[in-house]
Amino acid sequence: MTSQVYERRRRDLSPFYRHQSEVSFFTGPPHCAALFPQSCLRPHSEARQLTVQMMQNPQILAALQERLDGLNGSPSGYMESLPKVVKRRVNALKNLQVKCAHIEAKFYEEVHELERKYAALYQPLFDKRSDIVRAAYEPTDEECEWKVDEEEELTEEMKEKAKLEEEKKDEEKEDPKGIPEFWLTVFKNVDLLSDMLQEHDEPILTHLQDIKVKFSDPGQPMSFTLEFYFEPNEFFTNTVLTKTYKMRSEPDESDPFSFDGPEIMSCTGCTIDWTKGKNVTLKTIKKKQKHKGRGTVRTVTKTVPNDSFFNFFSPPEVPENGELDEDSEAILAADFEIGHFIRERIVPRAILYFTGEAIEDDDDEYDEEGEEADDEEGEEEADEENDPDYDPKV
């Protein structure tokens with residue numbers, strides 16, 4: 001089954017799920033857990049100190065160990081020890097849990113519908129962004145005004161110097177149109193995407209003018225398509241390259257408790273109509289072969305696959321039984337992550353990845369989490385030092 005083959009990417013499907021990985025004390029439905037970040041649910045330092053003291057009490061530890069030993073070493077041992085009438089009620093609770101899973105599936109389906117609705121509201125703004133990037137529209141002075149943060153404000157001398165440098169650059173360049181190499185710069189600024197780029201991909205991506213996300217129509221199976229729009233170029237004749245991801249949001253009948261939100265079931269790319277001699281996904285190599293009998297040597301030319309970003313549009317096919325070799329499975333797992341990242345982050349916030357501001361925000365999030373963890377360790381150390389019964393040698 002494909003549901004057993006692929007890693008689920010539910011947390012990337014929508015901003016609704018962004019904080020679920022931060023929740024550790026909330027045990028309700030995932031969509032409710034997203035509303036309660038860990039910082040709101042963390043116990044007070046006093047409770048933590050009390051817990052430390054309790055766990056240092058030999059009598060309490062002995063009582064806990066005795067209780068654990070009574071469970072026959074595993075949860076299944078405890079379940080097996082339950083009376084038949086209790087097991088019957090446990091089965092009733094499991095049936096309720098299955099119904100919860102089906103309700104949760106409906107929740108995600110409605111989230112998908114909500115995303116589709118708001119995608120239509122965002123699109124006019126994204127279209128205008130595309131027009132500016134490809135020089136189809138010149139923004140007005142009013143549209144170009146940007147209020148600088150107090151931290152970013154420059155002195156008059158620095159402003160004048162920056163202005164002169166910009167004028168000098170403008171004189172050196174031939175009236176640039178739009179925002180040159182916009183999407184190539186975005187890709188190069190994001191590690192997940194820059195790792196896919198090869199030097200021979202860059203000249204092609206300078207012709208990339210826009211990326212759009214299209215959701216499946218109402219009533220159709222859940223899916224989304226990434227559309228990459230290119231201006232006419234010397235490399236291929238396509239004006240649009242597409243990648244479609246098909247998803248499923250329903251519990252598996254054979255394993256309903258494994259349901260954890262929508263999962264990608266498969267993806268399909270498109271055929272790139274390469275100009276002769278311009279296909280960067282293939283390369284030609286020459287090998288020398290020696291005849292076993294006569295000893296003569298000949299040179300053989302072979303065409304082999306080549307590393308390229310454009311292999312993204314030729315993912316491995318998923319067989320009907322869902323069985324894949326390890327290499328194909330790894331490629332698809334990475335492919336799903338990249339597809340969701342482009343959909344959820346790159347397309348909505350392209351300008352911030354172009355300037356690098358979104359990358360700084362991402363780094364700040366990681367720094368804050370690290371600092372938070374350090375603070376917790378510091379608090380625990382302080383609690384131990386203030387504990388009169390604390391013995392550092394123990």
# chains A, B, ... in the order shown; residues from 1 in each chain; ligands from 1
$ residues_around --residues "A:Leu193" --least-positions-apart "6" --cutoff "9 Å" --atoms "only C-alpha atoms" --output "ChimeraX atom specification"
/A:186-187,309,338
$ select_by_dssp --residues "stretch 138-323 of chain A" --states "helix (DSSP H, G or I)" --output "ChimeraX atom specification"
/A:141-144,150-152,156-172,182-189,191-194,199-205,256-258,309-313
$ closest_residue --among "A:Arg248, A:Arg343, A:Phe215, A:Gln220" --to "A:Asp260" --atoms "only C-alpha atoms"
A:Arg248
$ residues_around --residues "A:Lys288" --least-positions-apart "5" --cutoff "8 Å" --atoms "only C-alpha atoms" --output "ChimeraX atom specification"
/A:297-300
$ write_last_selection --atoms "all heavy atoms" --output "PDB file, in the first residue's frame"
ATOM      1  N   VAL A 297      40.886  -1.884 -29.949  1.00  0.00           N
ATOM      2  CA  VAL A 297      40.169  -0.962 -29.063  1.00  0.00           C
ATOM      3  C   VAL A 297      39.255  -0.076 -29.890  1.00  0.00           C
ATOM      4  O   VAL A 297      39.645   0.441 -30.939  1.00  0.00           O
ATOM      5  CB  VAL A 297      41.159  -0.090 -28.258  1.00  0.00           C
ATOM      6  CG1 VAL A 297      40.395   0.910 -27.388  1.00  0.00           C
ATOM      7  CG2 VAL A 297      42.074  -0.954 -27.402  1.00  0.00           C
ATOM      8  N   ARG A 298      38.041   0.098 -29.410  1.00  0.00           N
ATOM      9  CA  ARG A 298      37.108   1.007 -30.078  1.00  0.00           C
ATOM     10  C   ARG A 298      36.485   1.944 -29.040  1.00  0.00           C
ATOM     11  O   ARG A 298      36.409   1.628 -27.859  1.00  0.00           O
ATOM     12  CB  ARG A 298      36.014   0.232 -30.798  1.00  0.00           C
ATOM     13  CG  ARG A 298      35.072  -0.519 -29.873  1.00  0.00           C
ATOM     14  CD  ARG A 298      33.903  -1.119 -30.641  1.00  0.00           C
ATOM     15  NE  ARG A 298      32.978  -1.797 -29.729  1.00  0.00           N
ATOM     16  CZ  ARG A 298      31.808  -2.308 -30.100  1.00  0.00           C
ATOM     17  NH1 ARG A 298      31.425  -2.221 -31.378  1.00  0.00           N
ATOM     18  NH2 ARG A 298      31.030  -2.911 -29.217  1.00  0.00           N
ATOM     19  N   THR A 299      36.058   3.106 -29.502  1.00  0.00           N
ATOM     20  CA  THR A 299      35.429   4.091 -28.632  1.00  0.00           C
ATOM     21  C   THR A 299      33.916   4.055 -28.835  1.00  0.00           C
ATOM     22  O   THR A 299      33.432   4.167 -29.971  1.00  0.00           O
ATOM     23  CB  THR A 299      35.951   5.507 -28.927  1.00  0.00           C
ATOM     24  OG1 THR A 299      37.367   5.524 -28.727  1.00  0.00           O
ATOM     25  CG2 THR A 299      35.296   6.525 -27.997  1.00  0.00           C
ATOM     26  N   VAL A 300      33.184   3.880 -27.714  1.00  0.00           N
ATOM     27  CA  VAL A 300      31.731   3.792 -27.763  1.00  0.00           C
ATOM     28  C   VAL A 300      31.134   5.031 -27.095  1.00  0.00           C
ATOM     29  O   VAL A 300      31.568   5.437 -26.012  1.00  0.00           O
ATOM     30  CB  VAL A 300      31.222   2.528 -27.042  1.00  0.00           C
ATOM     31  CG1 VAL A 300      29.695   2.487 -27.051  1.00  0.00           C
ATOM     32  CG2 VAL A 300      31.802   1.278 -27.681  1.00  0.00           C
TER      33      VAL A 300
END
$ atom_distance --atom1 "atom CA of A:Asp217" --atom2 "atom CA of A:Tyr108"
15.7 Å
$ atom_distance --atom1 "atom CA of A:Pro348" --atom2 "atom CA of A:Thr271"
26.3 Å
$ residues_around --residues "A:Leu197" --least-positions-apart "2" --cutoff "9 Å" --atoms "only C-alpha atoms" --output "number ranges by chain"
A: 187-188, 193-195, 199-202, 307-310
